[in-house]
Amino acid sequence: MKRTIILFFVLMVSVFVIQESKAQGFTPPKIIYGISLDGNFATNDAHGTNFTTDPNVYGMIWGRGVSAYTKFGLGIRKNHRITLSATYNKMINREAASIPFFVFVPDNGEKYTNYTIMSGALGYEYAFNPRCKSKQFIGFGVTFNYLTSDDQSFIKFDPAFRMGAQITTGYEFCLDKNFKYGLSIGLKYNLQNILGKSNGTPNIDLNDGPDSPGPSFWRRIGVLSINLGFNFYTGVEPYRGVK
């Protein structure tokens, strides 16, 4: 009997401790500010290993960039977020083999492509477990892309503006006990030229539309990015009781 009472007492205390541990925590962040380093890989018709012989590609492969972003949590649980971001990407490719993400303009007369892509994005994101130490998210957005080429690039064109779409997913992990700072790692795919496609003179126009002159099909410019970021969470407060 005594053993039964002791076991029951231990069980009740354990349940109470577990409930307390679940009740103690922090509210989800209201606004997230972040910055990330991005490693890029060109996809679709942007990708072109043999850019000197294939006229239908843009000759991109690897690139690197940096992004700044803000996420606004909605509702009580903040599962829903409105996202704003700005990205600067540099895409350089050369004939010789290079280290991924760390390709630079050659100085030996070798042919190369050199593009700068500046993008802004407005989107929506769904966050799983936004009040927990570890969080996951998935989202999509509309992108606004400004593409330019270097004067010495093997493929060059006048500055061009295009609208596109992106999908994102990733994982966030808080670093401090107060849930104010964190790291994030994610993936982002941006198809940059859905709207605004046009055709014209080669080496002057981007020539990404399905009309002539040009390759007579929609040349899709896609970039897949791996993102490593640092987050600053605002509006996080301790609370008792699960909302």
# chains A, B, ... in the order shown; residues from 1 in each chain; ligands from 1

call {"tool": "residues_around", "arguments": {"residues": "Arg219 of chain A", "least_positions_apart": "3", "cutoff": "8 Å", "atoms": "only C-alpha atoms", "output": "number ranges by chain"}}
result
A: 44-46, 56-57, 207-210

call {"tool": "residues_around", "arguments": {"residues": "Leu206 of chain A", "least_positions_apart": "3", "cutoff": "8 Å", "atoms": "only C-alpha atoms", "output": "list of chain:residue names"}}
result
A:Phe157, A:Asp158, A:Ala160, A:Ser198, A:Asn199, A:Gly200, A:Pro202, A:Asn203

call {"tool": "atom_distance", "arguments": {"atom1": "atom CA of Lys197 of chain A", "atom2": "atom CA of Ile226 of chain A"}}
result
26.5 Å

call {"tool": "residues_around", "arguments": {"residues": "segment 138-143 of chain A", "least_positions_apart": "4", "cutoff": "10 Å", "atoms": "only C-alpha atoms", "output": "NGL selection string"}}
result
:A and (80-86 or 119-128 or 162-171 or 186-194)

call {"tool": "residues_around", "arguments": {"residues": "Ile99 of chain A", "least_positions_apart": "6", "cutoff": "12 Å", "atoms": "only C-alpha atoms", "output": "list in words"}}
result
Gly39, Ile61, Trp62, Gly63, Arg64, Ile92 and Asn93 of chain A

call {"tool": "closest_residue", "arguments": {"among": "A:Lys111, A:Ile117, A:Leu224, A:Leu37", "to": "Ser184 of chain A", "atoms": "only C-alpha atoms"}}
result
A:Leu37

call {"tool": "closest_residue", "arguments": {"among": "A:Thr87, A:Thr70, A:Ser134, A:Asn114", "to": "Tyr58 of chain A", "atoms": "only C-alpha atoms"}}
result
A:Asn114

call {"tool": "select_by_dssp", "arguments": {"residues": "segment 22-59 of chain A", "states": "strand (DSSP E or B)", "output": "count of residues only"}}
result
18

call {"tool": "atom_distance", "arguments": {"atom1": "atom CA of Gly59 of chain A", "atom2": "atom CA of Phe41 of chain A"}}
result
11.5 Å

call {"tool": "residues_around", "arguments": {"residues": "segment 74-78 of chain A", "least_positions_apart": "4", "cutoff": "12 Å", "atoms": "only C-alpha atoms", "output": "ChimeraX atom specification"}}
result
/A:26-32,82-83,124-132,135,137,235-236,242-243

call {"tool": "atom_distance", "arguments": {"atom1": "atom CA of Ser67 of chain A", "atom2": "atom CA of Thr234 of chain A"}}
result
19.1 Å

call {"tool": "closest_residue", "arguments": {"among": "A:Ser216, A:Ser153, A:Asn227, A:Asn50", "to": "Val105 of chain A", "atoms": "only C-alpha atoms"}}
result
A:Ser153

call {"tool": "closest_residue", "arguments": {"among": "A:Phe179, A:Phe51, A:Phe72, A:Phe173", "to": "Gly229 of chain A", "atoms": "only C-alpha atoms"}}
result
A:Phe173

call {"tool": "closest_residue", "arguments": {"among": "A:Gly25, A:Gly48, A:Gly34, A:Pro106", "to": "Tyr239 of chain A", "atoms": "only C-alpha atoms"}}
result
A:Gly25
